[in-house]
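**Student:** Take a look at the following structure, please.
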Amino acid sequence: MAGLASLSRLPMRDAWAIQAGQAASPGFRFADVTAQAGIQFQHNSGAYGGKFLPETLGAGCAFLDYDRDGWQDILLINGMDWPGHKKRRSTLRLYHNNGNGTFTDVTSRAGLDVELYGLGVAVGDYNNDGFPDILVTCVGQNRLFHNTGKGTFVDVTNASGLGKREGFSTSAVWVDYDRDGFLDLFVCNYVKWSPEHDVFCSLDGKHKSYCTPEAYRGQTCWLFRNRGNGTFEDVTAATGIFDSSSKSLGVALLDDDQDGWPDLLVANDTQPNKLYRNQRNGKFKDVAVEAGLAFSNEGKARAGMGVDAADFENSGLPGVAITNFDNEMVGLYRLSGKEFEDIAAPSGVGPASRNSLGFGCAFLDVNLDGWLDFAVANGHIDETVRNIRGNVGYAQPPQLFLNQRKGSFRDIGAEVGGGFEQPKVGRGLAYADFDRDGDVDLLLTTNNGPAYLYRNDQVSGNRSIRFHLVGTKSNRDAIGAKVRIFAGGSTQLRMVKGGSSYLSQSELPLTFGLEKRDRIDRVVIDWPSGRVEEYKNLFAGRCYECVEGERISPQDGY
C-alpha cells in the first residue's frame, strides 16, 4: 500500500511505467525535424574503393548566429571526391534559421559554395567586429572565412597568415590563451598522410582495408597567436605545444587548475592524451600524465576521438569525457584533488559504451533538471566490421546518458523517440536552442550519409534561464568566461567555450536548467579579462544578454 501511495504522487504515465517495471519518463521527447526544417544534406567522404584514411573520419557541424538575428544557424562540413575519381560536386552547407522551425540553404549566397575536403569547424569572432568567422579544417590547406557582416564570407586564409600549411587537420578551437582580448587558434592534426604516400593495409593479406593510425607518423598540433590586426603568427614551438608524436582528433577548453587561465585537453588516437596547462606566461606544459588523463586505468593509450569538459557533478570543478574505440569504453573523469579519476565503470557510462565506437560527445542539460547529461554519436570506421566481430556493427545507435546525480548515469537513448535510437554511422555532434523555446536541441552528422536535427520537446514543465555574453575588454565572444548561477541552495557552473565534441561546435549562449523554479537568486560572471560581475533575482524563461562592464538586459523570451 505504501508503494501505491507513493506512486499516486507521480504523473499517471510515470506511475504506470514504474508499476510495469520500467524507469520513469525522462521528461522530454526528441522529434526528428530534419526534413520539415529543410535540412537536405549528404556527406561525401570521397570513398571509391581506394580505402584512403581520411574517408573514415567523417565531418563535423556547428551552430552559429552568422547574421546576428538572434537565431542559431547551421553549418555542415563536407568532403569531396578524390582527384582522378571525380563524380560529383560537394560543398559545405550553410543553413539560415528562418525563426519558424525552418532553414534556408544560403551557401551560395554567403560565398561558401566552395569545394574542399573538409573535416572540422571552429567558429569565433577573431577580429571582434561582432560577427562570427569560420575556420574549416581540411585534408590539405585549412580555410579561414571572414564574416563581412553583410551575410557573406570572404576567404582570408592567405591574408591572415594561415596559408601555405598543408596538413591533415581535425578539430580546432578558438581560445584567448594570453587573455589579450583577441581569440587565438588551436588546431589538431592527425597523422602525416597524403594520397601519394598512402599505406597498403589488409586484414586478409589480399584486399585493401583502412589502416589504423599506427601505420603513419604523428603530426603536431598548431597554435596561432592573434596579433590583433587580422593576422596570426605560428607560436606552436614557442609555447611548448610542438609534439610530432601526437595523433590528435579532439580538443576541449577547460580551466583544470581553476586559475582563470584557459587550458587545453587534446584527445589522441593510440597516443597519450595531452593536457596543456596554461603557464600564464605565454607557454603551456603538458601535465596529462600526472593529472591522470593520458592513459586508461590499465596504463594504455586509447583511441581518443571526441572530448568535452564540464561540471557534470555541480561540484564547481570541471569533469571530462573522452570517447574511444569499441571495447575501450568512454572515459568519464571527475577531478579529485589535483588528479582526474576515471569513474566510467561505476557511473554506468563505461559498461554501456564498451561495444560502441564513440566520436562526437557533449555535456548538456537535456531535461532541464539542473544536472548535465551526456550525449554520444557512435559509428564504426569500416563497413566490413560486421564480418569481423559479432558484437559490433558499422552503424551504431547514438547514446544519451541521463544524469541521475551522485556520479550515476543511465542510457535513455532508446526511450527518447524521434528515431534517435536508430543505428547510424555517427561522427559530429553539436547542440543549440535553435527554436528558442529554452531547451537545447541536437545536431548529428554521419559519415557518407545525412545529418539529423533533433528538436527537444519538454513534457515535464521544467524551465531554464539562458545567458548570451558579449565581451568588451575580453574577446567579444567571451570564450573562456565562467558563469555560476545560484538557485534554491544549488549551484551550477558553465564555461563559454568553442570546440569540444568531435570536429564540431555547439552554440555559445549558455543554458541552465531550473526544474520548476521561476527565478534564480544570483548569477556571477568571471570574464576572461579578470572582471567579475554579479546580478541578482533574475527570472526563468528568458535569455539575458550580458555586456561586459555595461549591462545585463533580458530579451523577449528565449
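In the C-alpha cells, chains take the letters A, B, ... in the order shown, each chain's residues start at 1, and ligands count up from 1 in the order shown.
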For Ile520 of chain A, work out the shell of residues within 12 Å, counting only C-alpha atoms and skipping chain neighbours fewer than 2 positions away, then give it as a tab-separated table (two decimals) with N, CA, C and O atoms, in the first residue's frame.
**Tutor:**
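around_8.tsv, written as the output of this step:
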chain	number	residue	atom	x	y	z
A	370	GLY	N	18.83	20.79	-14.09
A	370	GLY	CA	19.96	21.42	-13.42
A	370	GLY	C	21.20	20.55	-13.34
A	370	GLY	O	22.18	20.95	-12.72
A	463	ARG	N	11.89	24.39	-16.44
A	463	ARG	CA	12.19	25.70	-17.02
A	463	ARG	C	13.70	25.92	-17.08
A	463	ARG	O	14.48	25.14	-16.53
A	464	SER	N	14.09	27.02	-17.73
A	464	SER	CA	15.52	27.31	-17.86
A	464	SER	C	15.74	28.81	-17.88
A	464	SER	O	14.80	29.61	-17.98
A	465	ILE	N	17.01	29.17	-17.80
A	465	ILE	CA	17.45	30.55	-17.99
A	465	ILE	C	18.70	30.50	-18.85
A	465	ILE	O	19.52	29.59	-18.72
A	466	ARG	N	18.81	31.45	-19.78
A	466	ARG	CA	19.93	31.45	-20.73
A	466	ARG	C	20.69	32.77	-20.66
A	466	ARG	O	20.13	33.82	-20.34
A	484	ARG	N	28.33	31.27	-13.08
A	484	ARG	CA	27.76	30.47	-11.99
A	484	ARG	C	26.40	31.02	-11.63
A	484	ARG	O	26.24	32.23	-11.48
A	485	ILE	N	25.43	30.12	-11.49
A	485	ILE	CA	24.13	30.57	-11.00
A	485	ILE	C	23.84	29.90	-9.66
A	485	ILE	O	24.28	28.78	-9.39
A	486	PHE	N	23.10	30.60	-8.83
A	486	PHE	CA	22.72	30.13	-7.51
A	486	PHE	C	21.20	30.20	-7.41
A	486	PHE	O	20.61	31.26	-7.62
A	487	ALA	N	20.59	29.05	-7.10
A	487	ALA	CA	19.13	29.00	-7.04
A	487	ALA	C	18.69	27.90	-6.08
A	487	ALA	O	19.10	26.74	-6.23
A	488	GLY	N	17.91	28.28	-5.08
A	488	GLY	CA	17.35	27.29	-4.16
A	488	GLY	C	18.36	26.43	-3.46
A	488	GLY	O	18.11	25.24	-3.23
A	489	GLY	N	19.52	26.97	-3.16
A	489	GLY	CA	20.55	26.21	-2.45
A	489	GLY	C	21.45	25.41	-3.35
A	489	GLY	O	22.38	24.75	-2.87
A	490	SER	N	21.21	25.41	-4.66
A	490	SER	CA	22.06	24.67	-5.59
A	490	SER	C	22.87	25.64	-6.43
A	490	SER	O	22.49	26.81	-6.62
A	491	THR	N	23.98	25.14	-6.96
A	491	THR	CA	24.88	25.96	-7.78
A	491	THR	C	25.21	25.21	-9.06
A	491	THR	O	25.43	23.99	-9.05
A	492	GLN	N	25.22	25.94	-10.17
A	492	GLN	CA	25.64	25.37	-11.44
A	492	GLN	C	26.73	26.25	-12.06
A	492	GLN	O	26.69	27.47	-11.91
A	512	PHE	N	20.90	27.01	-18.57
A	512	PHE	CA	20.85	26.40	-17.23
A	512	PHE	C	19.44	25.90	-16.96
A	512	PHE	O	18.49	26.67	-17.01
A	513	GLY	N	19.31	24.60	-16.67
A	513	GLY	CA	18.02	24.06	-16.28
A	513	GLY	C	17.69	24.42	-14.85
A	513	GLY	O	18.56	24.42	-13.97
A	514	LEU	N	16.41	24.72	-14.59
A	514	LEU	CA	15.99	25.20	-13.27
A	514	LEU	C	14.90	24.35	-12.65
A	514	LEU	O	14.33	24.74	-11.63
A	515	GLU	N	14.58	23.19	-13.24
A	515	GLU	CA	13.42	22.40	-12.82
A	515	GLU	C	12.18	23.31	-12.88
A	515	GLU	O	11.92	23.93	-13.90
A	516	LYS	N	11.42	23.42	-11.78
A	516	LYS	CA	10.19	24.22	-11.82
A	516	LYS	C	10.38	25.64	-11.29
A	516	LYS	O	9.40	26.39	-11.13
A	517	ARG	N	11.62	26.02	-10.99
A	517	ARG	CA	11.85	27.35	-10.40
A	517	ARG	C	11.51	28.47	-11.38
A	517	ARG	O	11.70	28.32	-12.59
A	518	ASP	N	11.05	29.57	-10.85
A	518	ASP	CA	10.69	30.70	-11.71
A	518	ASP	C	11.72	31.82	-11.69
A	518	ASP	O	11.55	32.83	-12.37
A	522	ARG	N	20.99	34.54	-7.86
A	522	ARG	CA	22.02	35.42	-8.42
A	522	ARG	C	22.83	34.68	-9.46
A	522	ARG	O	22.83	33.45	-9.53
A	523	VAL	N	23.54	35.45	-10.27
A	523	VAL	CA	24.49	34.92	-11.24
A	523	VAL	C	25.80	35.67	-11.08
A	523	VAL	O	25.80	36.89	-10.87
A	524	VAL	N	26.91	34.94	-11.15
A	524	VAL	CA	28.24	35.55	-11.06
A	524	VAL	C	28.99	35.22	-12.34
A	524	VAL	O	29.08	34.04	-12.73
A	535	TYR	N	24.78	39.65	-10.64
A	535	TYR	CA	23.42	40.17	-10.79
A	535	TYR	C	22.48	39.28	-9.99
A	535	TYR	O	22.69	38.07	-9.89
A	536	LYS	N	21.42	39.88	-9.43
A	536	LYS	CA	20.54	39.14	-8.54
A	536	LYS	C	19.10	39.10	-9.05
A	536	LYS	O	18.67	39.95	-9.83
A	537	ASN	N	18.38	38.07	-8.59
A	537	ASN	CA	16.94	37.95	-8.79
A	537	ASN	C	16.55	38.03	-10.27
A	537	ASN	O	15.81	38.92	-10.68
A	538	LEU	N	17.04	37.08	-11.05
A	538	LEU	CA	16.73	37.04	-12.48
A	538	LEU	C	15.68	35.96	-12.74
A	538	LEU	O	15.62	34.94	-12.05
A	539	PHE	N	14.85	36.18	-13.74
A	539	PHE	CA	13.68	35.34	-13.97
A	539	PHE	C	13.96	34.22	-14.97
A	539	PHE	O	14.70	34.41	-15.96
A	540	ALA	N	13.33	33.08	-14.73
A	540	ALA	CA	13.36	31.97	-15.68
A	540	ALA	C	12.56	32.35	-16.92
A	540	ALA	O	11.80	33.32	-16.93
A	541	GLY	N	12.77	31.56	-17.99
A	541	GLY	CA	12.02	31.81	-19.21
A	541	GLY	C	12.55	32.94	-20.06
A	541	GLY	O	11.85	33.42	-20.96
A	542	ARG	N	13.79	33.36	-19.78
A	542	ARG	CA	14.37	34.47	-20.53
A	542	ARG	C	15.83	34.17	-20.89
A	542	ARG	O	16.49	33.37	-20.23
**Student:** Quick check for you: according to DSSP on this backbone, which residues of segment 135-307 of chain A are classed as alpha helix (DSSP H)? Reply as a list of chain:residue names.
**Tutor:** A:Ala288, A:Val289, A:Glu290, A:Ala291
**Student:** Could the residues of segment 47-156 of chain A that have an atom at most 10 Å from segment 427-447 of chain A be listed as CSV, each with its closest atom pair and the distance in Å to one decimal, counting only C-alpha atoms and ordered by chain and ascending residue number?
**Tutor:**
residue,atom,partner,partner_atom,distance
A:Glu55,CA,A:Asn447,CA,8.2
A:Thr56,CA,A:Asn447,CA,7.4
A:Leu57,CA,A:Asn447,CA,7.3
A:Gly58,CA,A:Asn447,CA,4.4
A:Ala59,CA,A:Gly428,CA,6.3
A:Gly60,CA,A:Gly428,CA,4.4
A:Cys61,CA,A:Gly428,CA,6.1
A:Ala62,CA,A:Ala430,CA,6.4
A:Phe63,CA,A:Ala432,CA,6.6
A:Leu64,CA,A:Ala432,CA,8.9
A:Asp65,CA,A:Phe434,CA,9.8
A:Gly70,CA,A:Arg436,CA,9.0
A:Trp71,CA,A:Phe434,CA,6.4
A:Gln72,CA,A:Phe434,CA,5.2
A:Asp73,CA,A:Phe434,CA,7.4
A:Ile74,CA,A:Leu443,CA,8.8
A:Leu76,CA,A:Thr445,CA,8.1
A:Ile77,CA,A:Thr445,CA,9.2
A:Asn78,CA,A:Asn447,CA,9.7
A:Gly79,CA,A:Asn447,CA,9.8
A:Asn97,CA,A:Phe434,CA,7.7
A:Asn98,CA,A:Asp435,CA,9.6
A:Gly99,CA,A:Asp435,CA,6.8
A:Asn100,CA,A:Asp435,CA,7.4
A:Gly101,CA,A:Asp435,CA,6.2
A:Thr102,CA,A:Asp435,CA,9.2
A:Leu119,CA,A:Gly428,CA,9.6
A:Gly120,CA,A:Gly428,CA,8.7
**Student:** Applying 9 Å and only C-alpha atoms, which residues near segment 80-91 of chain A remain after dropping the ones on its own chain fewer than 5 positions away? List them as a PyMOL selection string.
**Tutor:** chain A and resi 42-48+107+112-118+195
**Student:** Based on the selection just made, write C-alpha atoms of those residues as a CSV table (one decimal), in the first residue's frame.
**Tutor:**
chain,number,residue,atom,x,y,z
A,42,GLN,CA,24.5,14.3,-47.9
A,43,HIS,CA,28.1,14.0,-46.7
A,44,ASN,CA,30.6,12.9,-49.3
A,45,SER,CA,33.6,11.0,-47.9
A,46,GLY,CA,35.1,10.6,-51.4
A,47,ALA,CA,35.2,6.8,-51.0
A,48,TYR,CA,35.6,5.0,-54.3
A,107,THR,CA,25.5,28.5,-49.0
A,112,LEU,CA,30.7,29.4,-49.1
A,113,ASP,CA,29.9,27.3,-52.1
A,114,VAL,CA,33.5,26.0,-52.1
A,115,GLU,CA,34.8,22.5,-52.7
A,116,LEU,CA,37.4,21.3,-50.2
A,117,TYR,CA,38.0,18.1,-48.2
A,118,GLY,CA,36.7,19.5,-45.0
A,195,PRO,CA,47.2,10.1,-51.4
**Student:** Any idea what the distance is between atom CA of Arg179 of chain A and atom CA of Gln219 of chain A?
**Tutor:**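 Separation between atom CA of Arg179 of chain A and atom CA of Gln219 of chain A: 27.0 Å.
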**Student:** Which of these, A:Thr239, A:Gln36, A:Asn142, A:Asn147, has the shortest distance to Arg68 of chain A once you count only C-alpha atoms?
**Tutor:** A:Asn147
**Student:** DSSP on the backbone, then: every residue of segment 226-346 of chain A marked strand (DSSP E or B), written as a compact mmCIF listing (two decimals) with N, CA and C atoms, in the first residue's frame.
**Tutor:**
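Wrote it out as part31.txt, contents follow:
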# COMPACT_ATOMS: atom_id res chain seq x y z
N ASN A 226 46.84 35.43 -32.25
CA ASN A 226 46.18 36.54 -32.93
C ASN A 226 46.94 37.84 -32.63
N PHE A 232 47.78 36.26 -37.97
CA PHE A 232 48.19 35.31 -36.94
C PHE A 232 49.65 34.94 -37.12
N GLU A 233 50.31 34.60 -36.00
CA GLU A 233 51.67 34.08 -36.06
C GLU A 233 51.70 32.69 -35.45
N ASP A 234 52.49 31.82 -36.04
CA ASP A 234 52.62 30.45 -35.56
C ASP A 234 53.51 30.44 -34.32
N SER A 248 46.07 13.71 -33.11
CA SER A 248 45.00 14.39 -32.38
C SER A 248 43.70 14.45 -33.18
N LEU A 249 42.60 14.16 -32.49
CA LEU A 249 41.29 14.20 -33.12
C LEU A 249 40.32 15.16 -32.43
N GLY A 250 40.48 15.39 -31.14
CA GLY A 250 39.54 16.25 -30.42
C GLY A 250 40.25 17.18 -29.47
N VAL A 251 39.64 18.35 -29.23
CA VAL A 251 40.22 19.30 -28.28
C VAL A 251 39.09 20.00 -27.52
N ALA A 252 39.31 20.19 -26.22
CA ALA A 252 38.33 20.87 -25.37
C ALA A 252 39.02 21.94 -24.54
N LEU A 253 38.29 23.01 -24.32
CA LEU A 253 38.74 24.11 -23.48
C LEU A 253 38.25 23.90 -22.06
N LEU A 254 39.12 24.10 -21.09
CA LEU A 254 38.76 23.99 -19.68
C LEU A 254 39.75 24.78 -18.84
N ASP A 263 43.06 26.28 -20.24
CA ASP A 263 43.89 25.12 -20.54
C ASP A 263 43.25 24.34 -21.67
N LEU A 264 44.00 23.40 -22.26
CA LEU A 264 43.52 22.67 -23.44
C LEU A 264 43.73 21.17 -23.24
N LEU A 265 42.67 20.41 -23.44
CA LEU A 265 42.73 18.96 -23.37
C LEU A 265 42.60 18.40 -24.78
N VAL A 266 43.58 17.59 -25.20
CA VAL A 266 43.62 17.04 -26.55
C VAL A 266 43.46 15.52 -26.49
N ALA A 267 42.49 15.01 -27.24
CA ALA A 267 42.28 13.57 -27.34
C ALA A 267 43.10 13.02 -28.50
N ASN A 268 43.98 12.08 -28.20
CA ASN A 268 44.86 11.48 -29.20
C ASN A 268 44.47 10.04 -29.49
N ASP A 269 44.62 9.66 -30.74
CA ASP A 269 44.27 8.32 -31.19
C ASP A 269 45.50 7.41 -31.14
N LYS A 274 46.78 14.65 -24.20
CA LYS A 274 47.58 15.77 -23.71
C LYS A 274 46.69 16.75 -22.92
N LEU A 275 47.17 17.21 -21.80
CA LEU A 275 46.54 18.29 -21.07
C LEU A 275 47.53 19.44 -21.01
N TYR A 276 47.32 20.42 -21.87
CA TYR A 276 48.23 21.56 -21.93
C TYR A 276 47.77 22.61 -20.93
N ARG A 277 48.51 22.69 -19.82
CA ARG A 277 48.16 23.65 -18.78
C ARG A 277 48.83 24.99 -19.07
N ASN A 278 48.03 26.03 -19.02
CA ASN A 278 48.49 27.38 -19.30
C ASN A 278 49.39 27.87 -18.17
N PHE A 284 52.74 26.72 -22.45
CA PHE A 284 51.94 25.62 -21.92
C PHE A 284 52.85 24.49 -21.48
N LYS A 285 52.35 23.68 -20.54
CA LYS A 285 53.07 22.49 -20.09
C LYS A 285 52.11 21.31 -20.12
N ASP A 286 52.53 20.20 -20.74
CA ASP A 286 51.71 19.01 -20.78
C ASP A 286 51.76 18.30 -19.42
N ALA A 303 42.11 5.03 -28.06
CA ALA A 303 41.86 5.68 -29.36
C ALA A 303 40.97 6.90 -29.16
N VAL A 307 35.85 14.76 -27.30
CA VAL A 307 36.15 15.17 -25.93
C VAL A 307 35.25 16.34 -25.54
N ASP A 308 34.87 16.37 -24.28
CA ASP A 308 34.17 17.54 -23.74
C ASP A 308 34.54 17.68 -22.27
N ALA A 309 34.42 18.89 -21.76
CA ALA A 309 34.73 19.18 -20.37
C ALA A 309 33.63 20.05 -19.80
N ALA A 310 33.13 19.68 -18.62
CA ALA A 310 32.07 20.45 -17.99
C ALA A 310 31.89 19.96 -16.55
N GLY A 319 34.68 18.35 -15.07
CA GLY A 319 34.81 16.93 -15.36
C GLY A 319 35.12 16.78 -16.83
N VAL A 320 35.50 15.58 -17.23
CA VAL A 320 35.96 15.36 -18.60
C VAL A 320 35.38 14.05 -19.14
N ALA A 321 35.03 14.05 -20.42
CA ALA A 321 34.66 12.81 -21.12
C ALA A 321 35.48 12.70 -22.40
N ILE A 322 35.96 11.50 -22.68
CA ILE A 322 36.72 11.23 -23.91
C ILE A 322 36.15 9.96 -24.53
N GLY A 331 35.79 7.30 -21.59
CA GLY A 331 36.42 7.72 -20.35
C GLY A 331 35.62 8.86 -19.74
N LEU A 332 35.24 8.73 -18.47
CA LEU A 332 34.49 9.77 -17.77
C LEU A 332 35.23 10.10 -16.49
N TYR A 333 35.71 11.33 -16.40
CA TYR A 333 36.64 11.69 -15.33
C TYR A 333 36.07 12.79 -14.44
N ARG A 334 36.23 12.59 -13.12
CA ARG A 334 35.94 13.66 -12.16
C ARG A 334 37.27 14.11 -11.56
N LEU A 335 37.33 15.40 -11.22
CA LEU A 335 38.54 15.95 -10.62
C LEU A 335 38.50 15.70 -9.12
N SER A 336 39.50 14.96 -8.66
CA SER A 336 39.61 14.63 -7.25
C SER A 336 40.96 15.11 -6.75
N GLU A 339 44.15 15.39 -9.29
CA GLU A 339 44.12 14.36 -10.32
C GLU A 339 42.69 14.06 -10.76
N PHE A 340 42.57 13.60 -12.01
CA PHE A 340 41.29 13.16 -12.52
C PHE A 340 41.15 11.66 -12.29
N GLU A 341 39.97 11.26 -11.90
CA GLU A 341 39.66 9.85 -11.62
C GLU A 341 38.63 9.38 -12.65
N ASP A 342 38.93 8.27 -13.34
CA ASP A 342 38.01 7.73 -14.33
C ASP A 342 36.91 6.95 -13.62
**Student:** Could you pull the residues within 12 Å of Leu357 of chain A, counting only C-alpha atoms, minus those fewer than 3 positions along the same chain, as a ChimeraX atom specification?
**Tutor:** /A:302-306,322-330,350,352-354,360-361,376-382,385,391-399,424-427
**Student:** Would you mind telling me which residue in A:Asp184, A:Glu166, A:Asp457, A:Glu421 lies nearest to Asn127 of chain A when using only C-alpha atoms?
**Tutor:** A:Asp184
